[in-house]
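A.B. asks: Quick one: this structure, given as structure tokens, is what I'll be asking you about.
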Amino acid sequence: MPDRSTLLRVEHLRKVYESTNGDVEAIGDISFTMRSGELVCIVGPSGCGKTTLLKCLAGLLRPTSGLVEMDGEPVTGPSPAMAVVFQEYGRSLYPWLTVRGNVELPLRHKRLSRQERDKLVSDAIEAVGLAHAARSHPWQLSGGMQQRVAIARAIAYQPEVLIMDEPFAAVDAQTRADLEDLVRELHANRKISVLFVTHDIDESVYLGERVLVLSASPTWVQEDLTVDLPPQRDQISTRALPRFTELRTHVYDQIQRAKRGQTVAP
Amino acid sequence: MTAHTVRIAQRSRGRGLGRRVAAGFLYPLGLPFLLLVIWGVASTSSTNRFFPGPLTIFEAFRETWIGPAFVDDVLPSLYRLALGIAASIVIGIAAGTLIGLFQWLRELLEPLLEFFRAIPPPVLIPVVMLLLGITDTMKVVVIVSGAVWPILLNTIDGVRATDSVMSETADSFQITWWERLRFLVLPAASPRIMTGVRQGLSVALILMVISEMFASSAGLGYRIAYFQRNYLIAEMWSGILLLGLVGVLLAATFGVVERRVLRWYHGIREVNRA
């Protein structure tokens, strides 16, 4: 898709945690680019520094070296162009605010009129299917609904890219399938770019237009795989496609190799 | 969520009116009433004049406190108490939040705070009296010097314990400093702050009485000490009764405010329990 411009560019990103017991190299050397409007999944073996990578991208953590560029501008801190959906929804939503209050909070410092803000909030809550629960508090909702609130908060913020850190790891399988479809739907309808980190191989293939397979720590991008499944996806028919099985087997194989350390850094 | 609400509602409806009245009135009032009866019986059979019967005390209560003494002694005491509590809460939360947020400030002040906290506030009365004279300000300062500590220390702990994911969320959405304080730090610390306020209230009541016993010509503490010195035993007891009532009223007011402020907190606990 050549008409899509480069949104996010990561070059030779490296992150070393310094500690008294010696330095730990979490990320070795990661480079990739993401175009505007893409849905990219990042998978890797457990402990490969997925969350570290994501925090570096979101400007929450300073990389030791390397470059993260958003729209051609280097990322040095959190940016209004990105919104993060954290895995721990229970600790990311504020229990003293209502659903509406949570979604509205990040918009308070944006220069918006009261009507514009209200519209964004209502619109986002509706988009995740929680219009009936806007006045509830997060702790009155199920886990899946709470994560929907976090997604609503992120899209109301109107970022260029939605960064999701294993967002569905803590919900049950049925809820997870619904939430996956919600992400696909938001991506398709609202043209939001999504960077989705997961440890679930099926999920990465089902959701992504591209899957980046990370190596074991110190991490680098082991494979950049284009998912050539039809854009209209469905939990039953897509997952039954022979191509889906091929792709997931391929990614699974790559991750097994990464775990055994059978791959060589470029 | 609906499942919880429904279950809880049904449970309380199933209890029936009679049992709810019992739980609402008879249980909390039954034991005090029983004690009063025992006291009444004991005091009529006793010749000790330091323990008058409850009826004598109620009579003294009515004669002593309902009338000019209410304006001259009770209201000034309550006014100083309210002022002391308000100042303690404001200073405790403001200073506690700053100390909790900035580590260098904490390291700078910690030894000093430990030292001042260890001083029993009543010993400050003569000092403050020398500095400020026998004034209302002096009594308020004494109340604050004791009541501020639990609020301050609990606020520091509460602010320090702000959840890391909640903080990162605020960072990633570039929440401003004030919004962070208003919507994250203070609400997150509010359960601890309320614990501190609850402890501060009882300290404040004690110090209100003591500060008036030391140096005063009016006030509840002064009156009680005066009655005692002049062998007005029933009046003395009625003053103690009034102090107890003030304490109960204070606790009840706090309970109402606490339930409002921490509604989310109690809600979470109820959901987790169900």
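As shown in the structure tokens, the chain order sets the letters A, B, ...; within each chain, residues go from 1, and ligands are also counted from 1 in the order they appear.
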Neighbours of stretch 155-159 of chain A within 6 Å (only C-alpha atoms; same-chain residues fewer than 4 positions away dropped), as a list in words?
C.D. replies: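 Non-adjacent residues within range: Ala81, Met82, Ala83, Leu120, Val121 and Ala124 of chain A.
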A.B. asks: Would you pick out the contacts of B:Val123 at 12 Å or less, using only C-alpha atoms, so that residues sharing its chain but fewer than 4 positions from it are not included, and give the list as a list of chain:residue names?
C.D. replies: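 Residues near the query, excluding close chain neighbours: B:Phe116, B:Ala118, B:Ile119, B:Val127, B:Val128, B:Met129, B:Val142, B:Ser145, B:Gly146, B:Leu207, B:Ile210, B:Ser211, B:Phe214.
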A.B. asks: Please report, as CSV, each residue of chain B lying at most 6 Å from chain A, together with the nearest pair of atoms and the separation in Å rounded to one decimal; use only C-alpha atoms, and order rows by chain and ascending residue number.
C.D. replies:
```
residue,atom,partner,partner_atom,distance
B:Met1,CA,A:Gln140,CA,5.1
B:Val165,CA,A:Ser92,CA,5.6
B:Met166,CA,A:Ser92,CA,4.9
B:Ser172,CA,A:Pro78,CA,5.2
B:Phe173,CA,A:Pro106,CA,5.7
B:Trp264,CA,A:Trp96,CA,5.3
```
A.B. asks: Write out, as an mmCIF file, in the first residue's frame, the residues just selected, with C-alpha atoms.
C.D. replies:
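Dumped to out-v5.cif:
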```cif
data_model
loop_
_atom_site.group_PDB
_atom_site.id
_atom_site.type_symbol
_atom_site.label_atom_id
_atom_site.label_comp_id
_atom_site.auth_asym_id
_atom_site.auth_seq_id
_atom_site.Cartn_x
_atom_site.Cartn_y
_atom_site.Cartn_z
ATOM 1 C CA MET B 1 -22.924 -5.552 38.766
ATOM 2 C CA VAL B 165 0.068 1.919 36.422
ATOM 3 C CA MET B 166 -2.305 4.769 37.309
ATOM 4 C CA SER B 172 0.878 8.740 28.778
ATOM 5 C CA PHE B 173 -2.137 11.035 28.459
ATOM 6 C CA TRP B 264 -16.034 4.295 45.451
#
```
A.B. asks: Hey, what does DSSP flag as strand (DSSP E or B) within stretch 107-230 of chain A? Can you give it to me as a PyMOL selection string?
C.D. replies: chain A and resi 161-165+193-197+210-214+219-226
A.B. asks: Any chance you can output those residues with C-alpha atoms as a short mmCIF file (atom, residue, chain, number, x, y, z; two decimals), in the first residue's frame?
C.D. replies:
```cif
data_model
loop_
_atom_site.label_atom_id
_atom_site.label_comp_id
_atom_site.auth_asym_id
_atom_site.auth_seq_id
_atom_site.Cartn_x
_atom_site.Cartn_y
_atom_site.Cartn_z
CA VAL A 161 -1.77 5.46 16.88
CA LEU A 162 -3.28 3.25 19.53
CA ILE A 163 -0.64 1.34 21.46
CA MET A 164 -2.03 -1.74 23.16
CA ASP A 165 0.03 -3.72 25.66
CA SER A 193 -3.47 2.86 13.39
CA VAL A 194 -2.95 0.18 15.99
CA LEU A 195 0.22 -1.29 17.45
CA PHE A 196 -0.85 -4.38 19.31
CA VAL A 197 1.54 -6.25 21.57
CA ARG A 210 1.50 -7.39 9.77
CA VAL A 211 3.09 -9.44 12.50
CA LEU A 212 6.51 -8.57 13.89
CA VAL A 213 8.08 -11.59 15.54
CA LEU A 214 10.59 -10.64 18.20
CA THR A 219 15.58 -8.51 21.42
CA TRP A 220 15.61 -7.80 17.72
CA VAL A 221 12.97 -8.18 15.03
CA GLN A 222 13.30 -11.77 13.87
CA GLU A 223 10.66 -11.59 11.19
CA ASP A 224 8.38 -9.01 9.64
CA LEU A 225 5.46 -11.00 8.29
CA THR A 226 2.62 -9.65 6.14
#
```
A.B. asks: Which residue gives the smallest distance to A:Ser204 among A:Arg248, A:Arg184, A:His12, A:Arg239, with only C-alpha atoms counted?
C.D. replies: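 Selected residue with least distance to A:Ser204: A:Arg248.
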A.B. asks: Looking only at the backbone, which of the residues in stretch 169-198 of chain A does DSSP tag as helix (DSSP H, G or I), as a list in words?
C.D. replies: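 Taking stretch 169-198 of chain A and keeping helix (DSSP H, G or I) gives Ala173, Gln174, Thr175, Arg176, Ala177, Asp178, Leu179, Glu180, Asp181, Leu182, Val183, Arg184, Glu185, Leu186, His187, Ala188, Asn189 and Arg190 of chain A.
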A.B. asks: Could you give me, as number ranges by chain, the residues within 8 Å of A:Ala127, counting only C-alpha atoms and dropping anything in the same chain fewer than 3 positions from it?
C.D. replies: A: 123-124, 130, 152, 186
A.B. asks: Mind writing the picked residues with C-alpha atoms as a PDB file, in the first residue's frame?
C.D. replies:
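Generated file (result_4.pdb):
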```pdb
ATOM      1  CA  ASP A 123     -19.077   9.019  20.772  1.00  0.00           C
ATOM      2  CA  ALA A 124     -16.179   6.958  22.147  1.00  0.00           C
ATOM      3  CA  LEU A 130     -21.004   1.006  26.732  1.00  0.00           C
ATOM      4  CA  ALA A 152     -12.910   4.334  24.757  1.00  0.00           C
ATOM      5  CA  LEU A 186     -12.411   0.460  15.272  1.00  0.00           C
TER       6      LEU A 186
END
```
A.B. asks: Find, counting only C-alpha atoms, the residue in B:Leu152, B:Leu55, B:Met208, B:Leu220 that gets nearest to B:Arg192.
C.D. replies: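 When distances to B:Arg192 are compared using only C-alpha atoms, the smallest one comes from B:Leu152.
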A.B. asks: In Å, how far is it from atom CA of A:Ala177 to atom CA of A:Val128?
C.D. replies: 14.0 Å
A.B. asks: Report as a PyMOL selection string all protein, DNA and RNA residues lying within 10 Å of B:Leu113, evaluated on only C-alpha atoms, omitting residues in the same chain fewer than 4 positions from it.
C.D. replies: chain B and resi 106+108-109+117-118+149+152-153
A.B. asks: Those same residues - N, CA and C atoms - I'd like them written as a short mmCIF file (atom, residue, chain, number, x, y, z; two decimals), in the first residue's frame.
C.D. replies:
```cif
data_model
loop_
_atom_site.label_atom_id
_atom_site.label_comp_id
_atom_site.auth_asym_id
_atom_site.auth_seq_id
_atom_site.Cartn_x
_atom_site.Cartn_y
_atom_site.Cartn_z
N ARG B 106 11.02 14.85 51.50
CA ARG B 106 10.81 13.81 52.49
C ARG B 106 12.10 13.52 53.25
N LEU B 108 14.59 15.46 53.58
CA LEU B 108 14.97 16.64 54.36
C LEU B 108 14.20 16.70 55.67
N LEU B 109 12.91 16.38 55.63
CA LEU B 109 12.04 16.65 56.78
C LEU B 109 11.81 15.46 57.70
N ARG B 117 6.74 14.85 66.20
CA ARG B 117 5.61 13.97 66.44
C ARG B 117 5.73 13.32 67.81
N ALA B 118 6.98 13.10 68.24
CA ALA B 118 7.20 12.39 69.50
C ALA B 118 6.89 13.27 70.72
N TRP B 149 -0.74 15.58 63.12
CA TRP B 149 0.23 14.50 62.83
C TRP B 149 -0.38 13.29 62.15
N LEU B 152 -1.17 14.31 58.61
CA LEU B 152 0.04 14.53 57.81
C LEU B 152 0.70 13.22 57.42
N LEU B 153 0.93 12.37 58.42
CA LEU B 153 1.69 11.14 58.14
C LEU B 153 0.89 10.19 57.25
#
```
